[in-house]
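Enquirer: Please read through the structure below; I'll follow up with questions.
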Amino acid sequence: MPASGPAFPVLGDTMEDAAQQADVKLGQPDFIQFKDVTKKFGDFTAVQNVSLDIREGEIFCLLGGSGSGKSTLLRMLAGFETITDGRIILDGEDVAGVPPERLPLNMMFQSYALFPHMSVERNVGYGLRRDGVPKAEIATRVAETLELVKLTDFAKRKPSQLSGGQRQRVALARCIVKKPKVLLLDEPLGALDKKLREETQQELLNIQRTLGLTFIIVTHDQEEAMTMADRIGVMNLGQIVQVGPPRELYEQPNSLFIADFVGALNRFDGVVTSQVGENAQVRVQNGMTLKILSPYEFNEGERVKVTARPEKLSVFPADSNEAPTARNALQGQVTFVGYMGDQTDYRVMLDGGVEVKITEQNHHMSTKIAIRTGDKVRVDWPARSTALYSA
Amino acid sequence: MTALLRKSRDRLGRGFVLLPPFLWMFLFFLVPFLFVLKISFSEAIIASPPFAPLFEYDPDEGVVRAVLRFFNYGYLIDDDLYLRAYLNSLKVAAVSTVICLLIGYPMALAIARSPKARQPLLLVLIMLPFWTSLLIRVYAWIGILRQDGVVNNILMGLGVIDEPLVLLQTVFATYVGIVYAYLPFMILPLYAVLEKQDTSLLEAARDLGARPIVTFMSVTLPLSTTGIIAGSMLVFIPVVGEFVIPALLSGNSTLMIGKVLWTEFFSNRDWPVASAVAIVMLVVLLIPIMIFQNQQSKERN
Ligand SMILES: Nc1ncnc2c1ncn2[C@@H]1O[C@H](COP(=O)(O)OP(=O)(O)OP(=O)(O)O)[C@@H](O)[C@H]1O
Ligand SMILES: [Mg+2]
C-alpha cells in the first residue's frame with residue numbers, strides 16, 4: 001500500500017445483501033448512463049467528469065452538500081442545461097439536443113413550481129392535456145392520481161390554498177399522472193417538517209413500488225438518502241466521490257470524506273507501530289494504543305487516521321470486568337450524557353486527552369441512570385469496527 | 001380598557017398615514033373637479049370669467065338662489081359632433097392600446113428574460129425619450145413623416161415610390177405618434193410582472209410536455225394579466241383625452257374629444273360646454289377604471 005493512496009477499511013459481513021435484495025426488482029442496469037459528463041458555467045466547473053449508470057426501477061439518491069452540483073446534474077438529464085462535455089444516455093437515447101418536453105421523464109421541482117392560476121385538478125391534468133389525451137381519460141386519470149396522493153377533496157383548490165405538504169403531493173401527482181419512465185425529484189421533502197418528511201418518504205417509496213418508476217432523488221440529508229435509496233451517489237465539488245448501497249457507504253466508505261459525510265464519526269490521528277497480518281497497532285494522541293483490524297498493509301511509522309462510529313463503541317463503569325484482548329479498552333471520564341429516549345449519547349474524555357462520541361441503544365426499560373456525567377468509565381470497541389486511512 | 005386605547009391609537013396612526021394621499025386627492029382632484037362641475041351647470045356670458053355665476057343673491061327676498069342649467073349637456077346630445085368625437089376617441093384609444101400591447105409585450109418579455117445585469121440598461125433605454133419634452137418629440141415626427149421628410153426621402157431614394165406619400169395629417173400619423181409616445185407606459189408594468197415570474201414554472205411546463213409557444217400561452221400570458229390590464233389602462237385612459245399628438249399630426253383626419261374640448265375652451269370661449277365635455281369624458285373613463293379596480297380586488301382574493 002503506497003503511503004499516499006487511500007486505505008480501505010475492513011469488509012463487513014452482510015454488505016452485499018442490500019444490493020442483492022435490491023436486484024430482485026431492478027431491470028436494465030444501464031437504463032440511464034452518464035458518460036464523463038462535465039458542466040461549466042463560464043470558467044466555473046459545476047459538474048466534473050461524472051460517470052454513472054442508473055438501473056431501471058431503482059431509487060438512486062444524489063447526496064451532497066450545498067453547491068456540490070446535484071441539481072445541475074439532474075437538470076442536464078432533464079434537458080434544462082446544455083451538457084458541456086460528455087454524454088447522457090436515457091434508455092438508449094442521447095438526451096443532448098432533445099428539448100425537455102420530448103424526454104420521457106418528469107421532474108419535481110425544489111420549489112414545486114405549481115401553476116398558481118390553475119386549480120389542483122388542472123395542475124395535475126396539465127401534462128395530459130399537452131399530450132393530447134382525450135378529455136374523458138384525463139378526468140379519470142387525474143381522479144385516480146389525486147386518490148393515490150390523497151388529495152381528492154382538494155381538487156378544486158388553488159395552490160395558494162394548500163399547505164406545504166399538500167403542495168408537495170400536487171407536484172408529485174402532476175408528474176406521476178404522466179406515467180414517465182423516470183422521475184427526478186430535487187429535494188422533494190426539503191420544505192417539510194421532520195414528521196411529515198418521514199411520512200412522505202414512506203408514501204414516496206410506496207408510490208415508487210406501485211408504479212415501478214425509476215427515481216433519482218436529490219438530497220443533502222444523509223438520513224433521508226439512507227432510508228430511501230437503493231443506491232447513493234455522494235457528490236462533492238462537482239464530482240461523484242462514491243456510489244453504492246447505503247450500507248456499503250456507511251460501513252465501507254472509500255475515503256475519510258465519505259466516512260465523515262455519511263454518519264457521525266470519532267477520529268484519531270496516529271502512527272502505525274506494528275502490523276502482523278490484519279492485526280495492526282496504532283499509537284494515537286498521548287500514547288494511547290489502538291488495536292485495529294485492517295486488510296490493507298501499512299508501513300511501520302506511517303501516519304494514519306483512525307475512525308470509529310459512535311454506535312460501535314460501548315461504555316462500562318470503570319470497575320467492570322476486563323474486555324477480551326481483541327477489543328480496545330480505554331479509560332476515561334464522562335463529560336456529557338444525552339438521553340434521547342431510544343438511545344443515549346455519551347461523550348467521554350479519554351485519559352489520553354481525546355474526546356469520543358458514543359451512542360448506546362436503550363435496550364431495556366429503565367428509569368435508573370447507570371452512568372452519569374463525571375463518572376470514570378471504560379470505553380470499549382472491537383478492533384474490527386475501526387477503520388484506518390492513510391493520513 | 002388598554003385594548004380599547006390601543007385600538008383607537010392604531011386607528012389614529014392609520015389615519016395619519018392615509019391623510020396625505022387623501023389631502024392630495026382632495027386638493028388636486030376633487031376641488032378642481034367640483035369647479036369644473038360647477039361651471040358645466042353655468043351659461044356662457046361675455047365677462048371675466050366667461051360664465052354666469054351659479055349662486056345668485058336675491059336682495060329682495062334675502063336668499064341665495066342656485067341656478068342649475070342642464071342645457072350644456074343637452075347641447076352635447078343635440079349636436080352629433082360630440083358623440084362622434086367621443087366614439088372616435090374611444091376607438092383611437094382602443095386601437096392604440098392594442099398596438100402598444102402587441103409591440104410592447106414582446107419587448108417587455110425580452111427585457112425580463114435578458115441577463116439580470118443588462119436589464120437596468122434596457123429599462124433606461126425605454127425611459128430615455130422622457131428626457132425630452134413630448135412636444136419636441138412629436139415635432140420630430142413631423143420631420144420624419146412630412147412630404148420631404150425622412151421616410152419619403154428614403155423610400156424615393158430606394159426607388160420604392162416615385163411620388164412622396166402623404167403621411168402627415170392622416171390617421172396613420174395619429175397612430176404612429178400615439179403608439180410611439182405611450183409605448184413605455186405599456187412596457188413598464190408588463191416588465192414588472194414578467195420579471196417577477198418564477199422561471200421554474202416555465203421549466204415545469206416544458207417538462208410536462210409543453211412546447212415553448214404552448215408554455216407561453218398557458219403559463220406566461222395568463223400570469224401576466226395584471227400587467228396587461230395595468231399597461232392597457234395607462235395607455236387607454238390618457239389617449240382618450242389626448243390633445244397634443246392629434247393636434248400636431250392628425251390635421252382634420254381624426255376627430256378627437258381632446259381637440260373638441262380645446263376648441264370649445266379657447267376658440268369658442270364657451271367654458272360651460274367645455275366643462276360639460278370634460279365631465280362626460282370623465283364619466284366615460286370611470287367605467288374602464290372601475291372594471292380595472294374590480295379585476296384587481298378579484299385578483300387579490
Ligand atoms: N446558471 C448558473 N450559472 C452559474 N453558476 C451556476 C448556475 N447554476 C448553478 N451554478 C453553480 O454551480 C454549482 C452547483 O450548483 P447546484 O445547483 O447544482 O448545487 P446543488 O448541489 O444542487 O446545491 P443545493 O443543495 O444548494 O441545491 C454552484 O456553485 C452554483 O453556484
Ligand atoms: Mg439544488
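Ligands are numbered from 1 in the order shown, residues from 1 within each chain, and chains are lettered A, B, ... in the order they appear in the C-alpha cells.
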Can you list, as a PyMOL selection string, all residues belonging to region 119-179 of chain B that DSSP tags as helix (DSSP H, G or I)?

Expert: chain B and resi 119-131+134-145+150-157+171-179

Enquirer: Just N, CA and C atoms for this one: save the residues we selected as a CSV table (one decimal), in the first residue's frame.

Expert:
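Dumped everything to part-v4.csv:
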chain,number,residue,atom,x,y,z
B,119,GLN,N,-30.6,44.3,-17.6
B,119,GLN,CA,-32.0,44.8,-17.6
B,119,GLN,C,-32.0,46.3,-17.2
B,120,PRO,N,-31.3,46.8,-16.2
B,120,PRO,CA,-31.4,48.2,-16.0
B,120,PRO,C,-31.1,49.1,-17.2
B,121,LEU,N,-30.1,48.7,-18.0
B,121,LEU,CA,-29.7,49.5,-19.2
B,121,LEU,C,-30.9,49.5,-20.1
B,122,LEU,N,-31.5,48.4,-20.4
B,122,LEU,CA,-32.6,48.3,-21.3
B,122,LEU,C,-33.8,49.1,-20.8
B,123,LEU,N,-34.0,49.1,-19.5
B,123,LEU,CA,-35.1,49.9,-19.0
B,123,LEU,C,-34.8,51.4,-19.2
B,124,VAL,N,-33.6,51.8,-19.0
B,124,VAL,CA,-33.2,53.2,-19.1
B,124,VAL,C,-33.5,53.6,-20.6
B,125,LEU,N,-33.1,52.7,-21.5
B,125,LEU,CA,-33.4,53.0,-22.9
B,125,LEU,C,-34.9,53.2,-23.2
B,126,ILE,N,-35.7,52.4,-22.5
B,126,ILE,CA,-37.2,52.5,-22.7
B,126,ILE,C,-37.6,53.9,-22.2
B,127,MET,N,-37.0,54.3,-21.1
B,127,MET,CA,-37.5,55.6,-20.5
B,127,MET,C,-36.7,56.8,-21.0
B,128,LEU,N,-35.7,56.6,-21.8
B,128,LEU,CA,-34.9,57.7,-22.3
B,128,LEU,C,-35.7,58.8,-23.0
B,129,PRO,N,-36.7,58.5,-23.9
B,129,PRO,CA,-37.4,59.5,-24.5
B,129,PRO,C,-38.1,60.5,-23.6
B,130,PHE,N,-38.4,60.1,-22.3
B,130,PHE,CA,-39.0,61.0,-21.4
B,130,PHE,C,-38.1,62.2,-21.0
B,131,TRP,N,-36.8,62.0,-21.4
B,131,TRP,CA,-35.9,63.1,-21.0
B,131,TRP,C,-36.1,64.3,-21.9
B,134,LEU,N,-42.3,66.0,-24.7
B,134,LEU,CA,-43.2,65.3,-25.7
B,134,LEU,C,-43.4,66.1,-26.9
B,135,LEU,N,-43.6,67.4,-26.7
B,135,LEU,CA,-43.8,68.4,-27.8
B,135,LEU,C,-42.7,68.3,-28.8
B,136,ILE,N,-41.5,68.3,-28.4
B,136,ILE,CA,-40.3,68.2,-29.3
B,136,ILE,C,-40.3,66.9,-30.0
B,137,ARG,N,-40.6,65.8,-29.3
B,137,ARG,CA,-40.6,64.5,-29.9
B,137,ARG,C,-41.6,64.4,-31.0
B,138,VAL,N,-42.8,65.0,-30.7
B,138,VAL,CA,-43.9,65.0,-31.7
B,138,VAL,C,-43.5,65.8,-32.9
B,139,TYR,N,-42.8,66.9,-32.7
B,139,TYR,CA,-42.3,67.8,-33.8
B,139,TYR,C,-41.4,67.0,-34.7
B,140,ALA,N,-40.5,66.2,-34.0
B,140,ALA,CA,-39.6,65.3,-34.7
B,140,ALA,C,-40.3,64.4,-35.7
B,141,TRP,N,-41.5,63.9,-35.2
B,141,TRP,CA,-42.2,63.0,-36.1
B,141,TRP,C,-42.7,63.8,-37.3
B,142,ILE,N,-43.0,65.1,-37.1
B,142,ILE,CA,-43.4,65.8,-38.3
B,142,ILE,C,-42.3,65.8,-39.3
B,143,GLY,N,-41.1,66.0,-38.8
B,143,GLY,CA,-39.9,66.0,-39.7
B,143,GLY,C,-39.7,64.7,-40.4
B,144,ILE,N,-40.1,63.6,-39.7
B,144,ILE,CA,-39.9,62.3,-40.3
B,144,ILE,C,-41.0,62.0,-41.3
B,145,LEU,N,-42.2,62.4,-41.0
B,145,LEU,CA,-43.4,62.0,-41.8
B,145,LEU,C,-43.7,62.9,-43.0
B,150,VAL,N,-38.0,62.3,-43.7
B,150,VAL,CA,-37.0,61.2,-43.8
B,150,VAL,C,-37.6,60.0,-44.5
B,151,VAL,N,-38.8,59.6,-44.1
B,151,VAL,CA,-39.4,58.4,-44.6
B,151,VAL,C,-39.5,58.5,-46.2
B,152,ASN,N,-40.1,59.6,-46.6
B,152,ASN,CA,-40.3,59.8,-48.1
B,152,ASN,C,-39.0,59.8,-48.8
B,153,ASN,N,-38.0,60.5,-48.2
B,153,ASN,CA,-36.7,60.6,-48.9
B,153,ASN,C,-36.1,59.2,-49.1
B,154,ILE,N,-36.2,58.4,-48.0
B,154,ILE,CA,-35.6,57.1,-48.1
B,154,ILE,C,-36.3,56.2,-49.1
B,155,LEU,N,-37.6,56.2,-49.0
B,155,LEU,CA,-38.4,55.4,-49.9
B,155,LEU,C,-38.2,55.8,-51.4
B,156,MET,N,-38.1,57.1,-51.6
B,156,MET,CA,-37.9,57.6,-53.0
B,156,MET,C,-36.4,57.3,-53.4
B,157,GLY,N,-35.5,57.4,-52.5
B,157,GLY,CA,-34.1,57.1,-52.8
B,157,GLY,C,-33.9,55.6,-53.2
B,171,VAL,N,-54.7,59.5,-40.4
B,171,VAL,CA,-55.0,58.6,-39.3
B,171,VAL,C,-53.7,57.8,-38.9
B,172,PHE,N,-53.0,57.4,-40.0
B,172,PHE,CA,-51.7,56.7,-39.8
B,172,PHE,C,-50.8,57.5,-38.9
B,173,ALA,N,-50.6,58.8,-39.2
B,173,ALA,CA,-49.7,59.6,-38.4
B,173,ALA,C,-50.2,59.7,-36.9
B,174,THR,N,-51.5,59.8,-36.7
B,174,THR,CA,-52.0,59.8,-35.4
B,174,THR,C,-51.6,58.6,-34.6
B,175,TYR,N,-51.8,57.4,-35.2
B,175,TYR,CA,-51.4,56.2,-34.5
B,175,TYR,C,-49.9,56.1,-34.3
B,176,VAL,N,-49.1,56.5,-35.3
B,176,VAL,CA,-47.7,56.4,-35.1
B,176,VAL,C,-47.3,57.3,-33.9
B,177,GLY,N,-47.8,58.5,-33.8
B,177,GLY,CA,-47.5,59.4,-32.7
B,177,GLY,C,-47.9,58.8,-31.4
B,178,ILE,N,-49.2,58.4,-31.3
B,178,ILE,CA,-49.7,57.9,-30.0
B,178,ILE,C,-49.0,56.7,-29.6
B,179,VAL,N,-48.8,55.7,-30.5
B,179,VAL,CA,-48.2,54.4,-30.1
B,179,VAL,C,-46.7,54.7,-29.6

Enquirer: May I have the residues within 6 Å of region 210-223 of chain A as a ChimeraX atom specification, using only C-alpha atoms and disregarding those fewer than 6 positions away in the same chain?

Expert: /A:56-65,181-187

Enquirer: Write the residues you've just listed into a file as a short mmCIF file (atom, residue, chain, number, x, y, z; two decimals), in the first residue's frame, and include N, CA and C atoms for each of them.

Expert:
data_model
loop_
_atom_site.label_atom_id
_atom_site.label_comp_id
_atom_site.auth_asym_id
_atom_site.auth_seq_id
_atom_site.Cartn_x
_atom_site.Cartn_y
_atom_site.Cartn_z
N GLU A 56 -32.85 0.58 -14.18
CA GLU A 56 -34.28 0.78 -14.33
C GLU A 56 -34.97 0.33 -13.05
N GLY A 57 -35.86 1.17 -12.52
CA GLY A 57 -36.65 0.79 -11.36
C GLY A 57 -35.97 1.02 -10.03
N GLU A 58 -34.77 1.55 -10.03
CA GLU A 58 -34.12 1.75 -8.73
C GLU A 58 -34.39 3.15 -8.19
N ILE A 59 -34.16 3.28 -6.89
CA ILE A 59 -34.20 4.60 -6.27
C ILE A 59 -32.76 5.01 -6.05
N PHE A 60 -32.36 6.01 -6.79
CA PHE A 60 -30.98 6.47 -6.69
C PHE A 60 -30.98 7.83 -6.03
N CYS A 61 -30.18 7.98 -4.99
CA CYS A 61 -30.10 9.27 -4.31
C CYS A 61 -28.79 9.96 -4.64
N LEU A 62 -28.89 11.22 -5.04
CA LEU A 62 -27.69 12.04 -5.18
C LEU A 62 -27.56 12.83 -3.89
N LEU A 63 -26.49 12.55 -3.17
CA LEU A 63 -26.30 13.16 -1.87
C LEU A 63 -25.07 14.06 -1.93
N GLY A 64 -25.18 15.23 -1.36
CA GLY A 64 -24.01 16.10 -1.37
C GLY A 64 -24.34 17.42 -0.71
N GLY A 65 -23.32 18.14 -0.34
CA GLY A 65 -23.51 19.43 0.31
C GLY A 65 -24.05 20.47 -0.66
N LYS A 181 -41.09 7.25 -17.36
CA LYS A 181 -40.23 6.12 -17.01
C LYS A 181 -39.36 6.49 -15.81
N VAL A 182 -39.02 7.78 -15.76
CA VAL A 182 -38.10 8.24 -14.72
C VAL A 182 -38.69 9.46 -14.04
N LEU A 183 -38.56 9.52 -12.74
CA LEU A 183 -38.99 10.70 -12.01
C LEU A 183 -37.78 11.29 -11.30
N LEU A 184 -37.53 12.56 -11.59
CA LEU A 184 -36.43 13.26 -10.93
C LEU A 184 -37.01 14.10 -9.82
N LEU A 185 -36.48 13.97 -8.64
CA LEU A 185 -37.00 14.74 -7.51
C LEU A 185 -35.88 15.55 -6.90
N ASP A 186 -35.98 16.88 -7.04
CA ASP A 186 -34.96 17.77 -6.49
C ASP A 186 -35.38 18.21 -5.09
N GLU A 187 -34.74 17.65 -4.09
CA GLU A 187 -35.06 17.95 -2.70
C GLU A 187 -36.57 17.95 -2.48
#

Enquirer: Show me which residues sit within 8 Å of ligand 2 when counting only C-alpha atoms and all ligand atoms, and put them as JSON, numbers by chain.

Expert: {"A": [66, 67, 69, 70, 71, 72, 110, 186, 187, 218]}

Enquirer: Can you work out which one of B:Leu87, B:Asn72, B:Pro115, B:Val244 has the shortest atom-to-atom distance to ligand 1, counting only C-alpha atoms and all ligand atoms?

Expert: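 Checking each of B:Leu87, B:Asn72, B:Pro115, B:Val244 against ligand 1, counting only C-alpha atoms and all ligand atoms, the winner is B:Pro115.
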
Enquirer: List every residue of chain A that has an atom at most 6 Å from any atom of chain B, giving for each one its closest atom pair and the distance in Å to one decimal, counting only C-alpha atoms, sorted by chain and then by ascending residue number, as a Markdown table.

Expert:
| residue | atom | partner | partner_atom | distance |
| --- | --- | --- | --- | --- |
| A:Pro100 | CA | B:Asp207 | CA | 5.3 |
| A:Glu101 | CA | B:Gly209 | CA | 4.0 |
| A:Asn106 | CA | B:Asp207 | CA | 5.9 |
| A:Ala113 | CA | B:Leu201 | CA | 5.0 |
| A:Gly127 | CA | B:Leu208 | CA | 4.6 |
| A:Arg130 | CA | B:Gly209 | CA | 5.7 |

Enquirer: Just the number, please: distance in Å from CA of Arg69 (chain B) to CA of Ile46 (chain B), one decimal.

Expert: 17.1 Å

Enquirer: Would you work out the distance separating CA of Ala85 (chain B) from CA of Phe71 (chain B), expressed in Å to one decimal?

Expert: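 Rounded to one decimal, the two atoms are 19.1 Å apart.
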
Enquirer: Nearest residue to Ser160 (chain A) out of A:Pro180, A:Pro253, A:Pro116, A:Gly132, using only C-alpha atoms?

Expert: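 Closest to Ser160 (chain A), using only C-alpha atoms: A:Pro116.
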
Enquirer: Check the smallest atom-to-atom distance from each of A:Thr200, A:Asn206, A:Gln33, A:Asn236 to ligand 1 using only C-alpha atoms and all ligand atoms, then report the winner.

Expert: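 So, comparing all the options, the nearest one is A:Asn236.
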